[in-house]
Each structure stands twice: as structure tokens, then as C-alpha cells.
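> Attaching a single structure in C-alpha cells format; questions to follow.
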Amino acid sequence: MSAPLSRLALRVAQILALPVFLIVLWWYLSRANTSLFVPTPGTIAGVFGEVWTPERLRTDALPSVLRLLAGFSLAGVLGIALGVLIGSSPRLRAFSEPVLEFFRAIPPPVLVPVLILFAGIDSTMKVAVIISGCIWPILLNTVEGVRAVDPVLADTCRSYGIRGGTRLRTLVLRSASPQIMAGLRQALSIAIILMVISEMFAASSGLGFTIVQFQRGFAIPEMWTGIVLLGLLGFGLAMVFGVVERRVLSWYLGLRRAARGSN
Amino acid sequence: MRRPLLALLSAAALLATTAACGGSSSDSGKGGTDKVTAGVIPIVDVAPIYLGKQQGFFSERGIDLTLQTGSGGAASVPGVVSGQYQFAFGNVTSLLVARDKNLPLKILTNGVSSIGVAGKDFGAVVVKGNSPITSAEDLVGKKVSVNNLQNIGDTTVRASVRKAGGDPSKVGFVELPFPDMPAALQNNRVDAAWVVEPFLTQSISQGARPVAWNFVDAAPNLTVATYFTSERMLKEKPDLVKRFTEAMNESLAYADAHPDEVRKILGTYTKIPAEVIADMTLPKYPTEVNRASVQTLADLAQQDGLVKNKPDVGALLSELG
């Protein structure tokens with residue numbers, strides 16, 4: 001009865017130990033510091049509630065999150081679709097690989113002034129910046145995943161006459177899904193970074209915008225609360241992603257567990 | 001240290017500065033030089049300090065000046081507060097906001113001023129040639145780009161709109177870097193852009209039309225930016241601060257009297273094309289801070305909610321300014 005409970009308590013303690021230690025360390029190092037730029041955790045926590053009112057969350061955090069989700073999902077759809085296409089054809093792959101590597105190497109922030117010219121300064125530009133950065137891990141991972149489809153399974157499909165949509169769904173995407181999910185996970189953290197960066201240019205709302213405004217107005221504790229909120233957002237999204245990943249890849253994880261068990 | 005003499009001199013300078021800290025503030029700099037770092041922005045406004053350095057106004061007062069470039073007025077404030085920079089250049093509104101947050105800053109001397117005449121100033125709100133906007137009042141309900149929000153650009157543009165009889169709270173501001181503004185205007189991304197030189201000349205040459213002269217509308221002969229230091233610096237090295245201020249004033253006067261040399265030095269630390277340098281309007285570099293205009297900027301900052309408390313302009317200005 002008490003065994004699972006104590007296991008749970010141990011798990012919670014494991015999760016919280018390091019954050020608590022870091023906060024205490026921060027508090028200890030900043031307690032005697034009179035510098036405006038290094039507020040104590042207490043000051044930041046006190047200001048947090050004042051700054052992030054429901055009103056501000058609606059006007060600044062919500063647009064950011066929506067742009068992030070729009071950019072991430074569009075990059076996901078585009079990246080997987082193009083990845084399947086390129087991955088299924090060795091000729092197309094050889095043809096496009098150098099170009100893909102070239103575009104992948106361009107840091108998206110330097111594209112912002114160019115994107116302003118084409119996409120304006122509204123949300124379109126910001127979503128475009130997010131897509132331009134986080135499509136690459138998805139695309140390239142999908143290509144690799146599709147390329148590595150088990151030839152025995154592919155032959156089996158062929159002999160059973162499975163083709164078209166069914167083949168794509170049951171064979172190609174399924175067997176590429178571990179790589180695709182790894183690409184999506186990478187893309188998610190890139191998307192958060194680019195969400196912030198895109199809002200530092202030509203913005204009038206958003207989390208990145210608010211943090212920069214606080215910094216310029218020397219509202220330093222307020223600036224820190226924005227950074228903390230960004231961290232919490234990233235943490236929350238990673239948790240949600242983890243849940244989705246476990247569902248999508250349950251067959252794969254089960255397979256791996258079974259393979260490990262049989263050895 | 002390449003030469004023993006130099007080493008000797010800097011040792012003397014070190015002694016001199018320690019002596020200054022000890023309390024004798026009379027002529028500590030005479031024997032050697034003080035190493036000084038000043039934070040500036042690589043724009044037209046700071047030409048006098050580059051010119052003064054070249055002319056030796058600083059070295060003849062025992063100041064070995066290093067100019068460190070940053071991205072904006074707000075960026076140099078932490079540098080001065082932390083002591084990384086002894087002096088820096090920053091616009092008045094940034095300093096008022098910093099002072100409101102209890103950052104111990106003091107204005108020493110003027111940096112750059114508006115010319116004070118509509119049609120001839122170095123900053124303006126411009127629109128596309130075929131835009132229906134013809135006056136500051138027409139900016140109501142429109143999208144105007146400024147380089148920094150909650151700063152001198154939007155507060156003075158609001159002053160223009162207010163003066164013209166419009167409701168300044170209904171002007172939409174968006175942040176864009178100055179270099180991106182002419183293109184954004186051409187592509188109708190914004191309805192109007194607040195630009196300063198050299199981008200004013202550049203956008204006018206592309207067919208843009210000025211509709212409001214915000215510095216002129218805000219206050220007569222507005223002091224736009226100043227050179228400042230920290231209260232600690234003022235207390236610990238009053239003599240060095242005094243010599244820097246004198247050198248700065250000499251540089252400002254020299255720059256104001258020699259516009260051709262200002263244009264020449266611009267080519268050394270900015271990337272402005274030579275033909276634009278030849279055509280553009282230079283700002284004024286008076287040595288006196290226009291206190292009345294600082295008060296006006298303080299009132300505007302309070303009116304627009306940039307500062308929480310009523311700014312104490314007297315506390316920001318040092319006796320030297």
C-alpha cells in the first residue's frame with residue numbers, strides 16, 4: 001500500500017531536487033548583491049504575478065504561442081510531405097541534397113530582413129521565420145527514416161499488392177516514425193527559440209517583444225519573469241510532446257522492450 | 001607596453017589616479033594619462049567624440065580614450081552602471097527612464113541637438129510619395145515605424161500629433177531598425193516611418209515625403225542625446241570627469257564649426273555611402289544642454305507612461321552640464 005506511495009514521493013523529490021537547489025543557490029549568491037541586474041528569486045517571484053496578469057497573457061503570451069504552434073505544425077506537415085517524397089526516390093534525393101544542406105546551414109535570424117520584404121511585418125513573417133528554421137530537422141529526419149524502410153517489409157507489401165495511401169500509412173510513415181518524432185522534438189526547441197527571435201524584429205506584441213521592452217526600460221525583475229515564463233513554456237511543451245510521442249511510438253517502444261527482453 | 005617610457009608614464013598615471021582617489025583632486029592628470037572607455041553608437045550623432053579624439057582634445061588633457069560601439073542608448077547604460085564604461089552617449093529619454101528605475105546616472109554635457117527648423121532637421125516622419133498622409137494629424141490610426149518603442153522616437157512623434165490636433169494614443173507604432181525602414185515604406189509594410197540621417201536623405205531620394213518634424217514639434221532646439229556618467233564616477237574621480245567634459249565641449253564646438261571635417265570622419269566609423277554623406281543634413285552640436293527641452297522630454301515621458309514617477313530633471317543633470 002505504502003510502497004507505490006513512497007515511490008511516488010521519491011520520484012517527485014527527484015524531479016524537484018535540482019530546481020530547488022538551483023533556486024537556493026541563486027538566492028544565496030544574489031542576496032547580498034545590490035546590482036539592479038541580478039534580482040533575488042524572491043523579487044522575481046513577487047513581480048511575476050503583477051506582470052503576467054491574465055490580460056497580458058492574452059495580449060502577449062497567447063499570440064506568441066499561437067504563432068509557435070502555427071509555425072511548428074506547418075513545418076511538420078511540409079517537412080514530412082517533402083521528406084516522404086524525397087526519401088522515396090534515390091534520384092530526387094541525390095538531386096536535392098546539396099541544396100537542402102545549403103539552406104539548412106543558413107541561420108534563420110539573418111533571413112528576417114529578407115522575409116520582411118516578402119512577408120511583411122505581421123504574424124505571417126514571424127510564422128515564416130519559425131518554419132524556415134524548424135523544417136530542416138523534420139525534413140532531413142523524414143528522408144532518412146523513409147530511406148531506411150525495411151526492404152523485407154517493402155517486398156512483403158509489394159507481394160500483397162499494398163500500395164498508395166495504405167502503403168504510405170501502414171509501411172512508410174509507420175517505420176519512419178521514430179526518426180520523424182526525433183526530428184519533431186528537435187524542431188520544437190528550435191521553434192521556441194525562433195519564436196522569441198522573430199518577435200525582436202518589427203513586433204508590437206509577443207513574449208520576445210515584451211522581454212526586450214522590459215530590458216530596454218531597465219525593468220530588470222520584470223524582464224527575468226519573462227525569461228522564467230519562456231522556460232516554463234518550453235518545459236510544458238516538451239511534456240506535452242513527450243505524451244504524444246509515447247502514444248505514437250508505443251509500438252516501437254514496445255518492440256524495443258521486447259527485443260531487449262529476449263536477448 | 002612596448003617602450004619603457006610608456007610603462008613609466010602609465011605607472012605615473014596609476015599613481016596619479018590613486019592620488020586622486022586619496023582626495024587630492026587638483027591636477028592628477030598632468031603627470032600621465034587616464035585610460036578611459038566611452039560607450040557610443042556608430043551613428044552620425046557621435047561624430048564630435050571621434051573628431052575630438054583625432055584632434056587630440058582628449059590626449060592633451062591626459063585622457064587615453066577608447067571608443068566602444070554598442071547597439072543603442074539603452075545598451076550603454078548597464079556598461080556605465082557597472083563601471084565597464086566611464087562615460088557613454090545616450091538619448092535623453094533613455095536616461096530619464098533609467099533614472100526612474102533608480103540607476104545613478106548623471107548627464108555631463110550635450111551630445112546632439114535638433115536644428116530646430118521644420119524642413120531642415122536631421123530627423124522626420126516620412127511617408128511614401130503618393131500617400132494620402134500630408135500632416136502629423138493624418139498619422140492617427142496609421143502604422144508608424146520607430147527604431148525603439150517607448151523611447152524618444154515615439155514620444156516626440158506623439159508630441160507632433162498632439163500639436164497638430166490629433167489623438168496621439170491612436171497612432172500605432174511598430175519597431176523596425178532604421179536601415180530596414182526605407183524598404184518597409186516602399187513595400188507598404190508601414191504607413192509612415194520616423195527616420196534620422198542618413199536614412200532621411202536616403203528615403204527622400206527614393207521618393208518619400210516628410211510630413212512631420214517631430215524633434216522640432218516637441219521643443220525648440222531640442223537636446224536629443226547627451227554624454228553621461230555614473231554618480232560613483234563623479235564622486236570618485238571628479239577631476240577626470242571635469243577634464244572629459246572640457247574635452248567633450250571642445251570637440252562639440254569644433255564639430256559645430258567644421259562640418260566638412262564631420263563629414264570626413266563619418267566615413268571612418270560608419271558605413272554610410274560617400275555620396276549620402278555629402279548630401280545629408282548634419283545635426284547641431286551645441287555644448288549646452290537645453291534644460292527646458294530635457295524638462296519637455298521628461299513631461300512627454302510621464303504623459304506617455306514611460307516613467308512611473310515625475311522625473312527629477314535636476315537630479316539627472318550634473319552641475320557641469
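FYI, nothing fancy with the C-alpha cells labels: chains A, B, ... in order, residues from 1 per chain, ligands from 1 as they appear.
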Excluding same-chain residues fewer than 5 positions from A:Ile192, what lies within 9 Å of it counting only C-alpha atoms, as a list in words?
Val65, Leu68, Ile130, Ala187, Ile197, Leu230, Leu233 and Gly234 of chain A
> Up to 8 Å from chain B, what residues of chain A turn up? Count only C-alpha atoms and give them as a PyMOL selection string.
chain A and resi 113+116-117+120-121+201-204+213+216-219
> Please write the residues from the selection above to a file, keeping N, CA, C and O atoms, as a PDB file, in the first residue's frame.

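Output below, filename result_6.pdb:
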```
ATOM      1  N   PRO A 113      15.308  40.233 -42.206  1.00  0.00           N
ATOM      2  CA  PRO A 113      15.108  41.414 -43.051  1.00  0.00           C
ATOM      3  C   PRO A 113      14.592  41.054 -44.450  1.00  0.00           C
ATOM      4  O   PRO A 113      13.771  41.776 -45.020  1.00  0.00           O
ATOM      5  N   ILE A 116      10.941  40.156 -44.194  1.00  0.00           N
ATOM      6  CA  ILE A 116      10.104  41.348 -44.023  1.00  0.00           C
ATOM      7  C   ILE A 116       9.695  41.882 -45.394  1.00  0.00           C
ATOM      8  O   ILE A 116       8.557  42.275 -45.608  1.00  0.00           O
ATOM      9  N   LEU A 117      10.639  41.836 -46.341  1.00  0.00           N
ATOM     10  CA  LEU A 117      10.345  42.341 -47.682  1.00  0.00           C
ATOM     11  C   LEU A 117       9.232  41.533 -48.344  1.00  0.00           C
ATOM     12  O   LEU A 117       8.372  42.081 -49.026  1.00  0.00           O
ATOM     13  N   GLY A 120       6.119  40.848 -45.084  1.00  0.00           N
ATOM     14  CA  GLY A 120       5.618  41.929 -44.250  1.00  0.00           C
ATOM     15  C   GLY A 120       6.138  41.838 -42.830  1.00  0.00           C
ATOM     16  O   GLY A 120       7.091  41.109 -42.540  1.00  0.00           O
ATOM     17  N   ILE A 121       5.480  42.571 -41.926  1.00  0.00           N
ATOM     18  CA  ILE A 121       5.977  42.597 -40.559  1.00  0.00           C
ATOM     19  C   ILE A 121       4.957  42.003 -39.606  1.00  0.00           C
ATOM     20  O   ILE A 121       5.106  42.092 -38.405  1.00  0.00           O
ATOM     21  N   PHE A 201      12.113  41.584 -33.878  1.00  0.00           N
ATOM     22  CA  PHE A 201      12.113  42.452 -35.059  1.00  0.00           C
ATOM     23  C   PHE A 201      10.674  42.883 -35.337  1.00  0.00           C
ATOM     24  O   PHE A 201       9.785  42.031 -35.380  1.00  0.00           O
ATOM     25  N   ALA A 202      10.482  44.163 -35.557  1.00  0.00           N
ATOM     26  CA  ALA A 202       9.217  44.646 -36.103  1.00  0.00           C
ATOM     27  C   ALA A 202       7.990  44.117 -35.384  1.00  0.00           C
ATOM     28  O   ALA A 202       6.993  43.835 -36.001  1.00  0.00           O
ATOM     29  N   ALA A 203       8.069  43.928 -34.089  1.00  0.00           N
ATOM     30  CA  ALA A 203       6.922  43.373 -33.391  1.00  0.00           C
ATOM     31  C   ALA A 203       6.193  44.440 -32.602  1.00  0.00           C
ATOM     32  O   ALA A 203       6.722  45.520 -32.360  1.00  0.00           O
ATOM     33  N   SER A 204       4.953  44.150 -32.244  1.00  0.00           N
ATOM     34  CA  SER A 204       4.285  45.018 -31.284  1.00  0.00           C
ATOM     35  C   SER A 204       3.570  44.183 -30.237  1.00  0.00           C
ATOM     36  O   SER A 204       2.857  44.725 -29.410  1.00  0.00           O
ATOM     37  N   GLN A 213      11.384  44.807 -24.421  1.00  0.00           N
ATOM     38  CA  GLN A 213      10.896  46.112 -23.946  1.00  0.00           C
ATOM     39  C   GLN A 213      11.241  46.319 -22.475  1.00  0.00           C
ATOM     40  O   GLN A 213      11.666  47.395 -22.088  1.00  0.00           O
ATOM     41  N   ARG A 216      14.952  47.121 -22.222  1.00  0.00           N
ATOM     42  CA  ARG A 216      15.290  48.480 -22.636  1.00  0.00           C
ATOM     43  C   ARG A 216      14.804  49.516 -21.642  1.00  0.00           C
ATOM     44  O   ARG A 216      15.376  50.584 -21.530  1.00  0.00           O
ATOM     45  N   GLY A 217      13.695  49.207 -20.948  1.00  0.00           N
ATOM     46  CA  GLY A 217      13.166  50.156 -19.969  1.00  0.00           C
ATOM     47  C   GLY A 217      13.787  49.950 -18.600  1.00  0.00           C
ATOM     48  O   GLY A 217      13.316  50.518 -17.635  1.00  0.00           O
ATOM     49  N   PHE A 218      14.828  49.118 -18.515  1.00  0.00           N
ATOM     50  CA  PHE A 218      15.532  48.830 -17.264  1.00  0.00           C
ATOM     51  C   PHE A 218      14.606  48.237 -16.213  1.00  0.00           C
ATOM     52  O   PHE A 218      14.825  48.398 -15.034  1.00  0.00           O
ATOM     53  N   ALA A 219      13.534  47.572 -16.664  1.00  0.00           N
ATOM     54  CA  ALA A 219      12.633  46.880 -15.740  1.00  0.00           C
ATOM     55  C   ALA A 219      13.170  45.462 -15.589  1.00  0.00           C
ATOM     56  O   ALA A 219      12.621  44.512 -16.142  1.00  0.00           O
TER      57      ALA A 219
END
```
> Could you find all residues in stretch 27-248 of chain A that DSSP calls alpha helix (DSSP H) from the backbone, and write them as a ChimeraX atom specification?
/A:27-30,41-51,54-56,62-88,90-105,112-119,123-147,151-159,164-167,174-198,207-216,220-248
> So how far away is atom CA of B:Thr296 from atom CA of B:Ala212, in Å?
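Separation between atom CA of B:Ala212 and atom CA of B:Thr296: 18.1 Å.
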> Nearest residue to A:Val110 out of A:Ile220, A:Val143, A:Leu29, A:Val129, using only C-alpha atoms?
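Nearest candidate to A:Val110 out of A:Ile220, A:Val143, A:Leu29, A:Val129: A:Val129.
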> Name the closest residue to B:Ala278 among the candidates B:Ile133, B:Val262, B:Leu51, B:Ile41; distances are taken between atoms, counting only C-alpha atoms.
B:Val262
> Under the rule that only C-alpha atoms are counted, which of B:Ile152, B:Tyr285, B:Leu108, B:Val276 is the nearest residue to B:Pro238?
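Once distances to B:Pro238 are computed over only C-alpha atoms, the minimum belongs to B:Leu108.
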> For a quick check of understanding, using only C-alpha atoms, which of A:Leu85, A:Ala128, A:Leu115, A:Val152 has the smallest distance to A:Leu173?
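Among the listed residues, A:Leu85 lies closest to A:Leu173.
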> Mind giving me the straight-line distance from atom CA of A:Glu144 to atom CA of A:Met181 in Å, one decimal?
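Calculated distance between atom CA of A:Glu144 and atom CA of A:Met181 is 12.2 Å.
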> Using DSSP on the backbone coordinates, identify all residues within stretch 48-126 of chain B classified as strand (DSSP E); present the result as a list in words.
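Strand (DSSP E) members of stretch 48-126 of chain B, listed: Ile63, Asp64, Leu65, Thr66, Leu67, Gln68, Thr69, Phe87, Ala88, Phe89, Gly90, Asn91, Leu105, Lys106, Ile107, Leu108, Thr109, Asn110, Gly111, Val112, Ser113, Gly123, Ala124, Val125 and Val126 of chain B.
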> Under the rule that only C-alpha atoms are counted, which of B:Val46, B:Ala292, B:Val196, B:Ala38 is the nearest residue to B:Ile265?
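Once distances to B:Ile265 are computed over only C-alpha atoms, the minimum belongs to B:Val46.
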> May I have the residues within 12 Å of A:Pro151 as an MDAnalysis selection string, using only C-alpha atoms and disregarding those fewer than 5 positions away in the same chain?
chainID A and resid 146 156:158 171:172 175
> For a quick check of understanding, using only C-alpha atoms, which of B:Arg263, B:Lys170, B:Lys271, B:Lys128 has the smallest distance to B:Val211?
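For B:Val211, the nearest of the given residues is B:Lys128.
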> What's the 10 Å shell around A:Val77, counting only C-alpha atoms, without same-chain residues fewer than 6 positions away, as a compact mmCIF listing (two decimals) with all heavy atoms, in the first residue's frame?

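Saved the output as out39.txt:
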```
# COMPACT_ATOMS: atom_id res chain seq x y z
N GLY A 83 9.68 15.24 -47.14
CA GLY A 83 10.62 14.19 -46.72
C GLY A 83 10.23 12.85 -47.32
O GLY A 83 11.09 12.10 -47.79
N ILE A 135 11.91 23.51 -40.04
CA ILE A 135 11.54 22.50 -41.03
C ILE A 135 12.69 21.52 -41.28
O ILE A 135 12.46 20.34 -41.58
CB ILE A 135 11.09 23.16 -42.35
CG1 ILE A 135 10.40 22.12 -43.25
CG2 ILE A 135 12.24 23.84 -43.07
CD1 ILE A 135 9.74 22.70 -44.47
N ILE A 138 13.02 18.16 -39.30
CA ILE A 138 11.88 17.29 -39.64
C ILE A 138 12.10 16.69 -41.03
O ILE A 138 12.00 15.47 -41.24
CB ILE A 138 10.55 18.08 -39.62
CG1 ILE A 138 10.38 18.80 -38.27
CG2 ILE A 138 9.38 17.16 -39.89
CD1 ILE A 138 9.18 19.72 -38.22
N LEU A 139 12.43 17.56 -41.97
CA LEU A 139 12.60 17.12 -43.36
C LEU A 139 13.72 16.09 -43.48
O LEU A 139 13.52 15.00 -44.04
CB LEU A 139 12.90 18.35 -44.24
CG LEU A 139 13.23 18.10 -45.69
CD1 LEU A 139 12.09 17.39 -46.40
CD2 LEU A 139 13.52 19.41 -46.42
```
